[in-house]
Structures are given as structure tokens and as C-alpha cells.
Amino acid sequence: MNKIALSLFAVALVALGSSRRNYGTKEDLFRAMAAVESSNNPKAVNAKETALGLYQIRPMYFLDSGVKGSHTQVYEPTVARKVCEKYFMRYEPKAFANNDIETLARLHNAGPNWRKNKSSTDKYWNKIKNNL
């Protein structure tokens, strides 16, 4: 009897853990990021942060992604997406492979050290969730 209860508890924990992160697909994430970051404007510019394009990519983010070329290429939506995907795969490969869009959104918002101050990404994550 105790083994059955323990097994059910373990199954429930796994189910809770996996459903907690089941907010949608990476495609959903990219749509939400574009809405939140630039109001879907591929030519958007935040001069204060030198952030460009649909996903408001900064120069260092571009360099960290490993995509060849210049930062201004992110005005092209396909390039901007590739930059984000490469950045995600570099810093959160497990999240990328597992479709953990919460982790990917938080990474996009605060960079690779986002876990040191997770609460600083809560507002952004809530905006993303509201656009999923």
C-alpha cells in the first residue's frame, strides 16, 4: 500500500512539474516576444539600449549568439529569430530542447545569469504569458 501511495505521489510531482512549463511552443514564444518587445515591428529601435528589431536584440546578445554578420541584420525577422535560437541553444540548451519557454523568455529578458535574480524577470514573464 505504501509503495502505491509513493508511486502515485511521484507521478503527481512529475505531472505538476511538466505541466507547469507547458505554456506553448517556441513558435508561441516568438510571437509573444515580438508583441511584447516591439509591438510586432521588425524595424523597432530602442536607442537607449541599442536594441533592434522584433525581439529588441542588443549588440552583445547578437555577438553572444555566434551568428555571423552585423547587429543591424536583426531588422530581418528570420535573422532575428536565428540569433535568438542560437543564443537560447548556447545558454539554455536543455530548455531549448525541452520547449521550456518560460526559461527561454527569462533568458531573453535578463541574460545568462537570470537565475541569480529570477524575480527580476517576473514582470517580463507575465507579459509574455499574457501574450501566449
# chains A, B, ... in the order shown; residues from 1 in each chain; ligands from 1
>>> closest_atom_pairs(of="stretch 40-80 of chain A", to="stretch 95-114 of chain A", cutoff="9 Å", atoms="only C-alpha atoms", output="CSV")
residue,atom,partner,partner_atom,distance
A:Tyr55,CA,A:His108,CA,8.8
A:Ile57,CA,A:His108,CA,8.9
A:Tyr61,CA,A:Gly111,CA,8.1
>>> select_by_dssp(residues="chain A", states="strand (DSSP E or B)", output="PyMOL selection string")
chain A and resi 45-46+51-52+57
>>> write_last_selection(atoms="N, CA and C atoms", output="PDB file, in the first residue's frame")
ATOM      1  N   VAL A  45      13.350  50.327 -32.812  1.00  0.00           N
ATOM      2  CA  VAL A  45      14.649  50.706 -32.263  1.00  0.00           C
ATOM      3  C   VAL A  45      14.445  51.255 -30.860  1.00  0.00           C
ATOM      4  N   ASN A  46      15.247  50.770 -29.939  1.00  0.00           N
ATOM      5  CA  ASN A  46      15.345  51.368 -28.605  1.00  0.00           C
ATOM      6  C   ASN A  46      16.749  51.948 -28.538  1.00  0.00           C
ATOM      7  N   ALA A  51      18.863  48.426 -28.832  1.00  0.00           N
ATOM      8  CA  ALA A  51      18.134  47.189 -29.102  1.00  0.00           C
ATOM      9  C   ALA A  51      17.336  47.371 -30.387  1.00  0.00           C
ATOM     10  N   LEU A  52      17.388  46.347 -31.245  1.00  0.00           N
ATOM     11  CA  LEU A  52      16.804  46.463 -32.574  1.00  0.00           C
ATOM     12  C   LEU A  52      15.869  45.304 -32.893  1.00  0.00           C
ATOM     13  N   ILE A  57      16.936  43.032 -29.898  1.00  0.00           N
ATOM     14  CA  ILE A  57      18.232  42.398 -29.668  1.00  0.00           C
ATOM     15  C   ILE A  57      19.319  43.456 -29.538  1.00  0.00           C
TER      16      ILE A  57
END
>>> closest_atom_pairs(of="stretch 6-98 of chain A", to="stretch 126-129 of chain A", cutoff="9 Å", atoms="only C-alpha atoms", output="JSON lines")
{"residue": "A:Tyr23", "atom": "CA", "partner": "A:Lys129", "partner_atom": "CA", "distance": 7.6}
{"residue": "A:Leu29", "atom": "CA", "partner": "A:Ile128", "partner_atom": "CA", "distance": 7.5}
{"residue": "A:Ala32", "atom": "CA", "partner": "A:Ile128", "partner_atom": "CA", "distance": 5.5}
{"residue": "A:Met33", "atom": "CA", "partner": "A:Ile128", "partner_atom": "CA", "distance": 6.4}
{"residue": "A:Ala35", "atom": "CA", "partner": "A:Ile128", "partner_atom": "CA", "distance": 8.5}
{"residue": "A:Val36", "atom": "CA", "partner": "A:Ile128", "partner_atom": "CA", "distance": 6.7}
>>> write_last_selection(atoms="C-alpha atoms", output="tab-separated table (two decimals), in the first residue's frame")
chain	number	residue	atom	x	y	z
A	23	TYR	CA	2.77	27.14	-21.82
A	29	LEU	CA	7.09	32.25	-27.56
A	32	ALA	CA	4.68	36.71	-27.73
A	33	MET	CA	8.22	38.13	-27.65
A	35	ALA	CA	4.36	41.53	-29.36
A	36	VAL	CA	5.96	42.44	-26.02
>>> atom_distance(atom1="atom CA of A:Asn117", atom2="atom CA of A:Val83")
24.0 Å
>>> closest_residue(among="A:Met89, A:Gly24, A:Ser120, A:Gln56", to="A:Asn40", atoms="only C-alpha atoms")
A:Gln56
>>> atom_distance(atom1="atom CA of A:Lys48", atom2="atom CA of A:Ser119")
23.5 Å
>>> atom_distance(atom1="atom CA of A:Lys43", atom2="atom CA of A:Thr72")
9.9 Å
>>> residues_around(residues="A:Leu63", least_positions_apart="3", cutoff="12 Å", atoms="only C-alpha atoms", output="number ranges by chain")
A: 57-60, 66-74, 83-84, 86-87, 90
>>> write_last_selection(atoms="C-alpha atoms", output="PDB file, in the first residue's frame")
ATOM      1  CA  ILE A  57      18.232  42.398 -29.668  1.00  0.00           C
ATOM      2  CA  ARG A  58      21.186  44.282 -28.197  1.00  0.00           C
ATOM      3  CA  PRO A  59      24.672  44.193 -29.739  1.00  0.00           C
ATOM      4  CA  MET A  60      26.149  41.916 -27.042  1.00  0.00           C
ATOM      5  CA  GLY A  66      27.566  33.452 -32.636  1.00  0.00           C
ATOM      6  CA  VAL A  67      25.626  34.437 -35.751  1.00  0.00           C
ATOM      7  CA  LYS A  68      27.974  35.954 -38.325  1.00  0.00           C
ATOM      8  CA  GLY A  69      27.331  39.425 -39.651  1.00  0.00           C
ATOM      9  CA  SER A  70      26.357  42.741 -38.127  1.00  0.00           C
ATOM     10  CA  HIS A  71      23.905  43.644 -35.422  1.00  0.00           C
ATOM     11  CA  THR A  72      21.713  45.607 -37.841  1.00  0.00           C
ATOM     12  CA  GLN A  73      20.836  42.356 -39.632  1.00  0.00           C
ATOM     13  CA  VAL A  74      18.317  41.680 -36.853  1.00  0.00           C
ATOM     14  CA  VAL A  83      20.008  34.968 -33.341  1.00  0.00           C
ATOM     15  CA  CYS A  84      17.560  34.194 -30.534  1.00  0.00           C
ATOM     16  CA  LYS A  86      21.404  30.340 -31.263  1.00  0.00           C
ATOM     17  CA  TYR A  87      21.509  32.366 -28.041  1.00  0.00           C
ATOM     18  CA  ARG A  90      24.161  28.396 -26.220  1.00  0.00           C
TER      19      ARG A  90
END
>>> select_by_dssp(residues="chain A", states="helix (DSSP H, G or I)", output="NGL selection string")
:A and (2-20 or 26-38 or 59-65 or 71-75 or 77-91 or 93-97 or 101-110 or 114-130)
